[in-house]
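Student: Here it is, the structure, as structure tokens.
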Amino acid sequence: MTTSSCSTCDDLVAPAPASAAAALAPGATASRSAWLAVGAIAVGTFVMVTTEFLPVGLLTDIARGLNVSDGTAGLMVTMPGVLAALAAPALTVAAGRLDRRTVMIALTALLLVSNLAAALAPSFTTMLMARLLLGLCVGGFWAFAPGVGTQLVPPAAQARAVALILAGISAGTVLGVPAGALLGSYAGWRSAFAVSAGLTLVVLLMQIWLLPALPAARAIRPRDLLRPLTQRMSRVGLGAVMLLVAGHFAAYTYLKPLLQQVFGLSPGLVTALLLIYGAAGFAGNFIGGQLVGRSARLGMVVTALLLAAALAMSTLVGDGLVAGVLVVVAWGMAFGMVPVSATGWMLKALPDAPEAGQAMLVTAFQVAIATGALLGGVAVDGSGIASAMLLGSALVMGAALVAGALGGARPAQALSAP
């Protein structure tokens with residue numbers, strides 16, 4: 001969620017842990033050091049998500065450099081997704097009452113190791129091992145970072161703190177691909193991971209310096225994680241998110257090959273369009289925030305319909321620059337709406353169990369990333385890039401149907417904002 005959509009944040013932010021809130025006077029204002037600490041977490045989430053999506057913009061280059069097919073190279077997206085899906089709930093329980101400062105610093109250190117290993121990978125096997133380390137980081141960051149934000153500032157500032165951290169996630173989501181492609185086009189794909197490692201080192205030093213002690217309010221028990229599966233609206237949301245994200249990544253993993261091979265664009269134009277994709281994503285993030293503020297179901301349905309249309313359009317509009325721009329703008333805007341729509345749905349569906357809802361959302365999101373990338377790879381290797389686009393569109397349309405048909409809240413569970 002970008003900071004431009006903060007008008008909806010007050011409805012989406014869960015309460016801070018009691019122990020953190022109690023440490024601050026009710027009328028206290030966040031200090032400069034507290035906001036610097038929030039910024040360190042936000043930059044960390046940006047680097048983490050950027051690293052997660054670097055292979056999308058570099059996929060063909062890495063495939064050639066490590067002598068594997070484009071479909072096989074898609075495992076760089078699939079495998080960390082699988083591990084992140086397991087890591088989010090597992091780390092949430094395993095962390096117990098461990099100081100969250102220690103948790104965040106450990107995750108950032110692991111991210112540094114992952115980036116260095118990827119930059120130096122002599123083989124595709126080594127690259128996959130580096131990406132598995134990344135999977136642990138992804139699951140951990142998504143599970144802990146929002147809660148850490150609420151612990152760093154007093155209650156009145158928690159909405160802004162969480163918005164800033166979500167902005168880091170959203171920025172990484174929409175900028176990771178064009179940033180990687182731009183670096184790769186000038187200095188090779190290894191340089192993208194090397195630069196990411198350098199940024200991670202800066203973040204690690206910032207967190208060591210800025211983060212105060214962050215004791216956990218209470219330990220999350222394994223049975224707490226089952227809460228989202230017992231509530232109707234959270235089950236519907238998880239199902240819609242899985243279809244939406246799987247459909248997106250069945251196609252998104254092969255966005256660069258689509259622009260090069262189907263639309264016939266040069267590497268320079270592809271890089272420019274990926275930057276346009278990122279800009280459109282920011283606009284979509286703002287639009288998604290406004291829609292979720294009105295109704296979680298509206299946000300999810302509109303997001304899914306726009307994304308399904310963009311993916312289908314990629315097979316129908318022909319080739320060339322104009323067609324590529326139309327597809328990229330619609331696609332980028334739609335995906336910019338995905339994180340805020342998914343987060344908004346779950347926080348409104350489970351206002352009294354935000355930690356459990358977030359952990360299960362991370363699991364659903366990462367399972368869907370892995371599944372979508374795997375299905376897309378099979379489709380590309382078997383029938384070409386267009387088949388992955390059509391598969392993705394069909395899955396995303398399923399998400400629209402699930403959210404639209406089953407997402408009507410009962411009176412006691414209304415999802416629309418007050």
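Letters for chains follow the order of the structure tokens (A, B, ...), residue numbers begin at 1 for each chain, and ligand numbers begin at 1 in the order shown.
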Taking the chain letters and numbering used in this document, name the residues of stretch 7-167 of chain A that DSSP puts in helix (DSSP H, G or I), as a tab-separated table (two decimals) with C-alpha atoms, in the first residue's frame.

Tutor:
chain	number	residue	atom	x	y	z
A	7	SER	CA	-6.88	7.34	3.95
A	8	THR	CA	-7.90	3.73	4.19
A	9	CYS	CA	-5.17	2.64	6.57
A	10	ASP	CA	-7.02	3.45	9.78
A	11	ASP	CA	-9.61	0.81	8.86
A	12	LEU	CA	-6.99	-1.77	7.98
A	18	ALA	CA	-0.64	-4.51	24.48
A	19	SER	CA	2.90	-4.46	25.86
A	20	ALA	CA	4.05	-2.02	23.20
A	21	ALA	CA	1.07	0.28	23.55
A	22	ALA	CA	1.44	0.33	27.31
A	32	ARG	CA	12.37	10.92	15.07
A	33	SER	CA	14.29	7.78	16.03
A	34	ALA	CA	11.06	5.75	15.97
A	35	TRP	CA	10.29	6.89	12.43
A	36	LEU	CA	13.85	6.15	11.35
A	37	ALA	CA	13.39	2.63	12.73
A	38	VAL	CA	10.11	2.27	10.81
A	39	GLY	CA	11.96	3.47	7.73
A	40	ALA	CA	14.62	0.81	8.25
A	41	ILE	CA	11.92	-1.87	8.25
A	42	ALA	CA	10.23	-0.34	5.19
A	43	VAL	CA	13.50	-0.25	3.22
A	44	GLY	CA	14.11	-3.84	4.30
A	45	THR	CA	10.75	-4.95	2.95
A	46	PHE	CA	11.45	-3.09	-0.29
A	47	VAL	CA	14.80	-4.85	-0.78
A	48	MET	CA	13.31	-8.23	0.16
A	49	VAL	CA	10.40	-8.01	-2.30
A	50	THR	CA	12.64	-6.55	-5.01
A	51	THR	CA	14.98	-9.53	-4.58
A	52	GLU	CA	12.02	-11.91	-4.78
A	53	PHE	CA	10.99	-10.56	-8.17
A	54	LEU	CA	14.41	-9.87	-9.71
A	55	PRO	CA	14.36	-13.13	-11.76
A	56	VAL	CA	11.19	-12.05	-13.58
A	57	GLY	CA	12.96	-9.17	-15.30
A	58	LEU	CA	16.16	-11.21	-15.73
A	59	LEU	CA	14.70	-14.63	-16.51
A	60	THR	CA	15.94	-15.07	-20.06
A	61	ASP	CA	19.40	-13.72	-19.18
A	62	ILE	CA	19.79	-16.03	-16.17
A	63	ALA	CA	18.47	-18.99	-18.18
A	64	ARG	CA	21.11	-18.42	-20.86
A	65	GLY	CA	23.86	-17.72	-18.34
A	70	ASP	CA	13.03	-20.48	-19.63
A	71	GLY	CA	10.53	-22.88	-18.10
A	72	THR	CA	13.14	-24.37	-15.79
A	73	ALA	CA	14.38	-20.91	-14.86
A	75	LEU	CA	11.76	-22.42	-10.58
A	76	MET	CA	13.61	-19.39	-9.22
A	77	VAL	CA	10.16	-17.95	-8.50
A	78	THR	CA	8.44	-21.22	-7.63
A	79	MET	CA	10.83	-22.62	-5.02
A	80	PRO	CA	11.13	-19.60	-2.71
A	81	GLY	CA	7.36	-19.31	-2.88
A	82	VAL	CA	6.94	-22.87	-1.60
A	83	LEU	CA	9.33	-22.31	1.29
A	84	ALA	CA	7.85	-18.91	2.17
A	85	ALA	CA	4.41	-20.50	2.36
A	86	LEU	CA	5.72	-22.90	5.00
A	87	ALA	CA	7.98	-20.38	6.70
A	88	ALA	CA	5.37	-17.72	7.47
A	89	PRO	CA	3.26	-19.76	9.92
A	90	ALA	CA	6.22	-21.85	11.10
A	91	LEU	CA	8.35	-18.82	11.98
A	92	THR	CA	5.37	-17.08	13.57
A	93	VAL	CA	5.02	-19.98	16.01
A	94	ALA	CA	8.75	-20.74	16.38
A	100	ARG	CA	11.32	-8.96	17.32
A	101	ARG	CA	14.46	-6.85	16.90
A	102	THR	CA	16.50	-10.04	16.91
A	103	VAL	CA	14.07	-11.66	14.47
A	104	MET	CA	14.19	-8.80	11.95
A	105	ILE	CA	18.00	-8.52	12.09
A	106	ALA	CA	18.39	-12.28	11.59
A	107	LEU	CA	16.04	-12.24	8.59
A	108	THR	CA	17.94	-9.33	7.02
A	109	ALA	CA	21.27	-11.11	7.53
A	110	LEU	CA	19.84	-14.17	5.82
A	111	LEU	CA	18.67	-11.98	2.93
A	112	LEU	CA	22.23	-10.69	2.54
A	113	VAL	CA	23.57	-14.25	2.30
A	114	SER	CA	20.91	-15.13	-0.29
A	115	ASN	CA	21.76	-12.17	-2.51
A	116	LEU	CA	25.50	-12.83	-2.35
A	117	ALA	CA	25.01	-16.51	-3.18
A	118	ALA	CA	22.79	-15.62	-6.17
A	119	ALA	CA	25.25	-13.04	-7.48
A	120	LEU	CA	28.10	-15.58	-7.36
A	124	PHE	CA	21.54	-23.28	-11.49
A	125	THR	CA	21.58	-25.61	-8.47
A	126	THR	CA	23.46	-23.02	-6.45
A	127	MET	CA	21.02	-20.37	-7.61
A	128	LEU	CA	18.09	-22.45	-6.39
A	129	MET	CA	19.74	-22.88	-3.00
A	130	ALA	CA	20.13	-19.10	-2.77
A	131	ARG	CA	16.48	-18.67	-3.67
A	132	LEU	CA	15.43	-21.16	-0.98
A	133	LEU	CA	17.19	-18.98	1.60
A	134	LEU	CA	15.20	-16.09	0.19
A	135	GLY	CA	12.00	-18.04	0.78
A	136	LEU	CA	12.68	-18.03	4.54
A	137	CYS	CA	13.19	-14.26	4.42
A	138	VAL	CA	9.99	-13.65	2.46
A	139	GLY	CA	7.84	-15.66	4.82
A	140	GLY	CA	9.39	-14.01	7.85
A	141	PHE	CA	9.26	-10.43	6.60
A	142	TRP	CA	5.62	-10.65	5.56
A	143	ALA	CA	4.65	-12.25	8.87
A	144	PHE	CA	6.54	-9.93	11.26
A	145	ALA	CA	7.14	-6.55	9.60
A	146	PRO	CA	3.64	-5.02	9.96
A	147	GLY	CA	3.46	-5.96	13.64
A	148	VAL	CA	6.91	-4.51	14.27
A	149	GLY	CA	5.71	-1.23	12.80
A	150	THR	CA	2.91	-0.98	15.35
A	151	GLN	CA	5.36	-1.66	18.20
A	152	LEU	CA	7.68	1.17	17.21
A	155	PRO	CA	-1.25	4.16	18.86
A	156	ALA	CA	-2.07	7.41	17.09
A	157	ALA	CA	0.79	6.87	14.61
A	158	GLN	CA	0.37	3.15	13.98
A	159	ALA	CA	-1.67	3.57	10.79
A	160	ARG	CA	1.04	5.72	9.24
A	161	ALA	CA	3.79	3.33	10.33
A	162	VAL	CA	2.09	0.28	8.82
A	163	ALA	CA	1.32	2.28	5.66
A	164	LEU	CA	5.01	3.10	5.29
A	165	ILE	CA	6.02	-0.55	5.70
A	166	LEU	CA	3.37	-1.70	3.23
A	167	ALA	CA	4.63	0.99	0.85

Student: Expressed in Å to a single decimal, how great is the separation between atom CA of A:Leu390 and atom CA of A:Gln290?

Tutor: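 Computing the Euclidean distance for atom CA of A:Leu390 and atom CA of A:Gln290 yields 28.8 Å.
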
Student: Which distance in Å separates atom CA of A:Leu401 and atom CA of A:Ser383, to one decimal?

Tutor: 26.6 Å

Student: Pick out the residues sitting within 10 Å of A:Met389, and hand them over as a PDB file with C-alpha atoms, in the first residue's frame; count only C-alpha atoms, and ignore anything fewer than 3 positions along from it in its own chain.

Tutor:
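Final output, saved to result-v7.pdb:
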ATOM      1  CA  GLY A 247      -3.175 -16.628 -12.382  1.00  0.00           C
ATOM      2  CA  HIS A 248      -1.025 -13.532 -12.238  1.00  0.00           C
ATOM      3  CA  PHE A 249       2.224 -15.415 -11.733  1.00  0.00           C
ATOM      4  CA  ALA A 250       1.428 -18.051 -14.341  1.00  0.00           C
ATOM      5  CA  ALA A 251       1.779 -15.140 -16.763  1.00  0.00           C
ATOM      6  CA  TYR A 252       3.928 -12.591 -14.917  1.00  0.00           C
ATOM      7  CA  TYR A 254       7.145 -14.705 -18.452  1.00  0.00           C
ATOM      8  CA  LEU A 255       6.414 -11.011 -18.922  1.00  0.00           C
ATOM      9  CA  LEU A 258       6.203 -11.988 -23.854  1.00  0.00           C
ATOM     10  CA  ALA A 308      -8.014 -10.982 -16.251  1.00  0.00           C
ATOM     11  CA  ALA A 310      -5.116  -7.422 -19.281  1.00  0.00           C
ATOM     12  CA  LEU A 311      -3.853 -11.002 -19.547  1.00  0.00           C
ATOM     13  CA  ALA A 312      -6.423 -11.939 -22.184  1.00  0.00           C
ATOM     14  CA  MET A 313      -5.694  -8.721 -24.083  1.00  0.00           C
ATOM     15  CA  SER A 314      -2.009  -9.675 -24.339  1.00  0.00           C
ATOM     16  CA  THR A 315      -2.995 -12.466 -26.775  1.00  0.00           C
ATOM     17  CA  GLY A 376       3.121 -21.095 -16.308  1.00  0.00           C
ATOM     18  CA  ALA A 379       2.388 -24.045 -20.314  1.00  0.00           C
ATOM     19  CA  VAL A 380       5.311 -22.137 -21.839  1.00  0.00           C
ATOM     20  CA  GLY A 384       4.222 -21.284 -25.851  1.00  0.00           C
ATOM     21  CA  ILE A 385       3.890 -17.985 -24.040  1.00  0.00           C
ATOM     22  CA  ALA A 386       0.347 -17.184 -25.199  1.00  0.00           C
ATOM     23  CA  GLY A 392      -3.525 -16.876 -16.082  1.00  0.00           C
ATOM     24  CA  SER A 393      -6.575 -14.973 -17.310  1.00  0.00           C
ATOM     25  CA  ALA A 394      -8.842 -17.960 -16.658  1.00  0.00           C
TER      26      ALA A 394
END

Student: I need the residue nearest A:Leu350 from this list: A:Thr200, A:Ser234, A:Ser191, A:Asn67. Use only C-alpha atoms for the distance.

Tutor: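 Result for the nearest residue to A:Leu350: A:Ser234.
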